[in-house]
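Working notes for the structure below.
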Amino acid sequence: MTKDGDVKEDFFDPLILLRTRRFGTFWFASFLSNIGTWAQQVAQPWLLLSLGASPFLLGLDTFALGAPVWLLTLTGGILADRADRRRVIAIFQSIQMLCPTLLVVLLLTGAVKPWMVITLSLVIGITDALSMPSFQTIVSTIVKHEQIAAALALNSTQFNLSRILGPAIAGVLLVSAGAVGCFAVSAASYLPFIFVAWWILPRQNITSNAHDVFDRRHPFAGVLEVIRIPNLRGGVMTVLASSTLCGPLITFSPVLVRSSFQGSAMQFSIAISSFGAGALVGAIALLFVDANRDRRMIGSLFAVALGITLVLVAINPWLWALPLLMLLAGLAMSVTNISINTLLQTQALPQLRGQAVSLFMLAMRGGISLGSLLTGMSVSLLGVHRALLIDGILAVAVQALIGWSWFKNNGWNRRVGGAKTDSS
């Protein structure tokens with residue numbers, strides 16, 4: 001290993017990245033931050049239900065968190081390509097840290113109302129939309145090109161490991177200290193990541209390339225260029241359909257546990273932790289997939305599997321079986337998202353990587369927000385089981401159609417080489 005943390009070995013072991021200064025520190029700080037985020041995401045819907053919020057308001061809260069993605073993520077992608085990413089992350093994450101801090105104050109004073117929680121979700125959604133493309137592209141700037149797939153999979157392992165530990169911690173805190181403990185942990189978890197973003201991540205040297213490749217008068221020309229490539233366009237469509245139709249599973253898990261099964265907060269946290277465990281297994285499994293393996297096929301097949309799993313969740317009558325199904329759902333969603341994210345970051349032009357990732361975030365986060373709002377309406381009308389059943393059936397049909405169209409036009413390749421920008 002070199003002094004600055006680069007790997008010299010001819011045979012690349014993915015885990016050696018964790019021992020590098022930049023990636024290892026980034027990985028650990030992100031892990032701590034995500035634990036806090038997941039603790040808040042478990043506590044928040046439970047808090048809303050405790051305040052008497054309806055399933056529609058629950059969906060509205062998720063929509064408020066994700067809706068800014070539709071308006072601001074592409075702008076965030078431009079910031080990722082044309083600004084100092086560490087400054088972008090530090091500023092917006094600092095603003096975001098104030099939201100759980102304010103919730104702690106509101107809970108301690110007994111002044112919290114559902115509309116306040118939803119408003120703060122909107123603030124978090126705005127800062128996320130503007131900063132997440134910068135966050136997502138950091139990985140590809142601190143590792144070599146041939147290490148991007150492994151680095152993204154490793155980064156997903158910490159995210160999904162936090163998805164296990166965060167809800168578990170939240171379950172304990174909800175029983176012992178209440179929701180205020182979860183929001184306090186969330187607020188504190190921002191500090192190490194902000195520090196790392198500012199002091200450890202490399203200062204971005206902004207060159208004229210990002211401005212010269214496309215006309216400055218058309219700031220989203222880069223996004224249009226990414227969409228023009230069939231391979232990348234198909235990946236974005238896969239994630240959008242998956243997030244819109246299957247993402248609401250997480251949003252309405254508390255309704256399943258509390259209303260349908262009369263379960264407790266701890267049983268809810270177990271279900272969410274199981275989803276995270278499955279996602280972690282999926283991320284680890286991808287570490288052992290050849291870097292040149294065709295991510296289109298992997299992402300499409302697991303997107304169909306996710307829809308099938310959602311159907312099984314919807315018709316499942318037993319609380320004890322829910323964690324197992326959530327585990328399978330987490331695995332399928334993780335493999336789908338990581339595969340498509342890898343596809344976009346390895347096959348988009350380097351100067352357009354931030355905007356390619358902004359499309360991924362738009363499809364993933366925007367899809368979840370839209371799907372949660374629509375599913376919230378259908379839950380109020382049809383009940384949670386029927387609403388999720390409809391989502392699952394539609395997901396299988398749509399993903400099968402996207403996959404078949406992809407195969408018909410391009411065919412499945414067992415291996416794909418390099419960082420080509422055209423899939424023809």
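All residue names refer to the structure tokens as shown: chains lettered A, B, ... in order, residues numbered from 1 in each chain, ligands numbered from 1 in order.
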
Practice problem: Write out as a VMD selection string which residues come within 8 Å of stretch 91-103 of chain A when counting only C-alpha atoms, dropping same-chain ones fewer than 4 positions away. | Solution: chain A and resid 40 87 107 112 117 120 to 121 123 to 124 127 to 128 130 to 131 180 183 to 184 186 to 188 190 194

Expected file: the selected residues, C-alpha atoms, as a PDB file, in the first residue's frame:
ATOM      1  CA  GLN A  40     -34.602   8.457  12.943  1.00  0.00           C
ATOM      2  CA  ARG A  87     -17.974  21.877   0.568  1.00  0.00           C
ATOM      3  CA  LEU A 107     -40.388  16.506  21.943  1.00  0.00           C
ATOM      4  CA  VAL A 112     -44.428  18.520  18.496  1.00  0.00           C
ATOM      5  CA  VAL A 117     -42.465  16.570  11.552  1.00  0.00           C
ATOM      6  CA  LEU A 120     -38.746  19.114   8.774  1.00  0.00           C
ATOM      7  CA  SER A 121     -38.831  16.097   6.463  1.00  0.00           C
ATOM      8  CA  VAL A 123     -36.111  20.455   4.745  1.00  0.00           C
ATOM      9  CA  ILE A 124     -34.139  17.205   4.941  1.00  0.00           C
ATOM     10  CA  THR A 127     -30.719  19.272   1.492  1.00  0.00           C
ATOM     11  CA  ASP A 128     -30.508  15.610   0.507  1.00  0.00           C
ATOM     12  CA  LEU A 130     -28.756  18.960  -3.425  1.00  0.00           C
ATOM     13  CA  SER A 131     -25.990  17.008  -1.668  1.00  0.00           C
ATOM     14  CA  VAL A 180     -36.457  11.697  21.548  1.00  0.00           C
ATOM     15  CA  PHE A 183     -33.583  11.862  17.163  1.00  0.00           C
ATOM     16  CA  ALA A 184     -30.730  12.754  19.539  1.00  0.00           C
ATOM     17  CA  SER A 186     -29.478  11.039  14.615  1.00  0.00           C
ATOM     18  CA  ALA A 187     -28.363  14.611  15.314  1.00  0.00           C
ATOM     19  CA  ALA A 188     -25.058  13.485  16.846  1.00  0.00           C
ATOM     20  CA  TYR A 190     -23.874  13.954  11.493  1.00  0.00           C
ATOM     21  CA  ILE A 194     -19.200  16.392   8.248  1.00  0.00           C
TER      22      ILE A 194
END

Quiz prompt | Shell of 9 Å around stretch 27-38 of chain A, only C-alpha atoms, local chain residues under 5 positions omitted, as JSON, numbers by chain | solution = {"A": [18, 22, 43, 154, 155, 158, 159, 160, 161, 162, 163, 164, 165, 166, 167, 169, 170, 182, 183, 184, 185, 186, 187, 188, 189, 190, 191, 192, 193, 194, 195, 196, 197]}

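You can rank A:Val289, A:Ile16, A:Met237, A:Ala321 by their closest distance to A:Ala271 using only C-alpha atoms, and at the top of that list sits A:Ala321.
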
Self-check item: Selection: 8 Å around stretch 304-306 of chain A, only C-alpha atoms, excl. self and same-chain fewer than 4 positions, as a ChimeraX atom specification
Solution: /A:242,246,300,310,328-329,332-333,395-396,399-400

Self-check item: Residue neighbourhood stretch 383-388 of chain A, 10 Å, only C-alpha atoms, exclusion window fewer than 3 positions, as a count of residues only
Solution: 31

Quiz item: Which residues, written as a ChimeraX atom specification, have at least one atom at most 12 Å from A:Val239, with only C-alpha atoms counted and residues fewer than 4 positions away on the same chain left out?
Solution: /A:232-235,243-247,296,299-300,302-304,306,332-341,343-344,357,359-368,395,398-399,402-403

Selection export as a compact mmCIF listing (two decimals), in the first residue's frame, atoms kept: N, CA and C atoms:
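Done, and the output landed in selection-v1.txt:
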# COMPACT_ATOMS: atom_id res chain seq x y z
N LEU A 232 -27.78 3.08 -20.16
CA LEU A 232 -27.97 3.87 -18.94
C LEU A 232 -29.44 4.24 -18.76
N ARG A 233 -30.12 4.53 -19.86
CA ARG A 233 -31.55 4.85 -19.78
C ARG A 233 -32.34 3.67 -19.23
N GLY A 234 -32.02 2.46 -19.69
CA GLY A 234 -32.71 1.29 -19.19
C GLY A 234 -32.47 1.06 -17.71
N GLY A 235 -31.25 1.36 -17.25
CA GLY A 235 -30.96 1.22 -15.82
C GLY A 235 -31.77 2.17 -14.97
N SER A 243 -38.43 1.53 -7.36
CA SER A 243 -38.61 2.42 -6.21
C SER A 243 -40.06 2.87 -6.07
N THR A 244 -40.70 3.18 -7.20
CA THR A 244 -42.08 3.67 -7.14
C THR A 244 -43.04 2.60 -6.65
N LEU A 245 -42.87 1.36 -7.13
CA LEU A 245 -43.82 0.31 -6.83
C LEU A 245 -43.45 -0.53 -5.61
N CYS A 246 -42.16 -0.66 -5.32
CA CYS A 246 -41.73 -1.51 -4.20
C CYS A 246 -41.19 -0.73 -3.01
N GLY A 247 -40.71 0.49 -3.26
CA GLY A 247 -40.20 1.31 -2.16
C GLY A 247 -41.19 1.55 -1.04
N ARG A 296 -26.70 -5.05 -16.21
CA ARG A 296 -28.08 -4.92 -16.69
C ARG A 296 -28.89 -6.16 -16.32
N GLY A 299 -29.40 -6.49 -12.41
CA GLY A 299 -30.37 -5.54 -11.90
C GLY A 299 -31.80 -5.85 -12.32
N SER A 300 -31.99 -6.24 -13.56
CA SER A 300 -33.32 -6.52 -14.07
C SER A 300 -33.94 -7.76 -13.42
N PHE A 302 -33.24 -9.16 -10.50
CA PHE A 302 -33.55 -8.96 -9.08
C PHE A 302 -34.67 -7.95 -8.88
N ALA A 303 -34.88 -7.05 -9.84
CA ALA A 303 -36.03 -6.15 -9.76
C ALA A 303 -37.33 -6.93 -9.89
N VAL A 304 -37.35 -7.93 -10.77
CA VAL A 304 -38.52 -8.80 -10.89
C VAL A 304 -38.72 -9.58 -9.59
N LEU A 306 -37.89 -8.70 -6.64
CA LEU A 306 -38.40 -7.80 -5.60
C LEU A 306 -39.91 -7.65 -5.70
N ALA A 332 -33.11 -8.28 -2.61
CA ALA A 332 -33.44 -7.99 -4.01
C ALA A 332 -33.27 -6.51 -4.34
N MET A 333 -33.74 -5.63 -3.44
CA MET A 333 -33.62 -4.20 -3.70
C MET A 333 -32.17 -3.76 -3.70
N SER A 334 -31.38 -4.30 -2.77
CA SER A 334 -29.97 -3.94 -2.69
C SER A 334 -29.22 -4.32 -3.96
N VAL A 335 -29.40 -5.54 -4.41
CA VAL A 335 -28.69 -6.00 -5.61
C VAL A 335 -29.12 -5.18 -6.83
N THR A 336 -30.41 -4.87 -6.92
CA THR A 336 -30.89 -4.06 -8.04
C THR A 336 -30.25 -2.69 -8.05
N ASN A 337 -30.31 -1.99 -6.92
CA ASN A 337 -29.81 -0.62 -6.87
C ASN A 337 -28.30 -0.53 -7.03
N ILE A 338 -27.57 -1.43 -6.37
CA ILE A 338 -26.10 -1.39 -6.48
C ILE A 338 -25.68 -1.71 -7.91
N SER A 339 -26.32 -2.67 -8.53
CA SER A 339 -25.96 -3.05 -9.90
C SER A 339 -26.17 -1.89 -10.87
N ILE A 340 -27.31 -1.20 -10.74
CA ILE A 340 -27.58 -0.09 -11.65
C ILE A 340 -26.68 1.10 -11.34
N ASN A 341 -26.43 1.37 -10.07
CA ASN A 341 -25.52 2.45 -9.69
C ASN A 341 -24.13 2.21 -10.26
N LEU A 343 -23.44 0.37 -12.90
CA LEU A 343 -23.57 0.54 -14.35
C LEU A 343 -23.42 2.00 -14.74
N LEU A 344 -24.12 2.89 -14.03
CA LEU A 344 -24.09 4.31 -14.36
C LEU A 344 -22.72 4.92 -14.11
N VAL A 357 -25.32 10.06 -11.70
CA VAL A 357 -25.74 9.66 -10.36
C VAL A 357 -26.98 10.43 -9.93
N LEU A 359 -29.41 11.25 -11.81
CA LEU A 359 -30.53 10.53 -12.41
C LEU A 359 -30.87 9.28 -11.60
N PHE A 360 -29.83 8.59 -11.10
CA PHE A 360 -30.06 7.42 -10.26
C PHE A 360 -30.80 7.82 -8.98
N MET A 361 -30.35 8.91 -8.35
CA MET A 361 -31.00 9.38 -7.12
C MET A 361 -32.42 9.86 -7.40
N LEU A 362 -32.61 10.51 -8.55
CA LEU A 362 -33.95 10.95 -8.93
C LEU A 362 -34.89 9.77 -9.07
N ALA A 363 -34.40 8.70 -9.73
CA ALA A 363 -35.23 7.51 -9.91
C ALA A 363 -35.49 6.81 -8.59
N MET A 364 -34.46 6.69 -7.75
CA MET A 364 -34.61 5.93 -6.51
C MET A 364 -35.40 6.71 -5.45
N ARG A 365 -34.92 7.89 -5.10
CA ARG A 365 -35.56 8.65 -4.02
C ARG A 365 -36.88 9.25 -4.49
N GLY A 366 -36.89 9.78 -5.73
CA GLY A 366 -38.14 10.34 -6.25
C GLY A 366 -39.20 9.29 -6.44
N GLY A 367 -38.78 8.10 -6.88
CA GLY A 367 -39.73 7.01 -7.05
C GLY A 367 -40.36 6.60 -5.73
N ILE A 368 -39.54 6.52 -4.68
CA ILE A 368 -40.07 6.15 -3.37
C ILE A 368 -41.06 7.19 -2.87
N ALA A 395 -45.35 -4.20 -10.25
CA ALA A 395 -43.90 -4.21 -10.31
C ALA A 395 -43.38 -5.37 -11.15
N VAL A 398 -44.24 -4.60 -14.91
CA VAL A 398 -43.45 -3.51 -15.49
C VAL A 398 -41.99 -3.90 -15.64
N GLN A 399 -41.42 -4.54 -14.60
CA GLN A 399 -40.01 -4.93 -14.68
C GLN A 399 -39.79 -6.00 -15.74
N ILE A 402 -39.73 -4.06 -19.01
CA ILE A 402 -38.47 -3.33 -19.18
C ILE A 402 -37.33 -4.29 -19.50
N GLY A 403 -37.27 -5.40 -18.77
CA GLY A 403 -36.22 -6.38 -18.99
C GLY A 403 -36.29 -6.99 -20.38

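Counting from atom CA of A:Phe23, the distance to atom CA of A:Leu331 is 24.2 Å.
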
Quiz item: Of the candidates A:Leu327, A:Val105, A:Ile308, A:Leu301, which one gets nearest to A:Ala279 if we count only C-alpha atoms?
Solution: A:Leu327

Quiz prompt | All alpha helix (DSSP H) positions in stretch 13-177 of chain A, as a ChimeraX atom specification | solution = /A:21-50,55-66,68-82,85-109,114-142,148-176
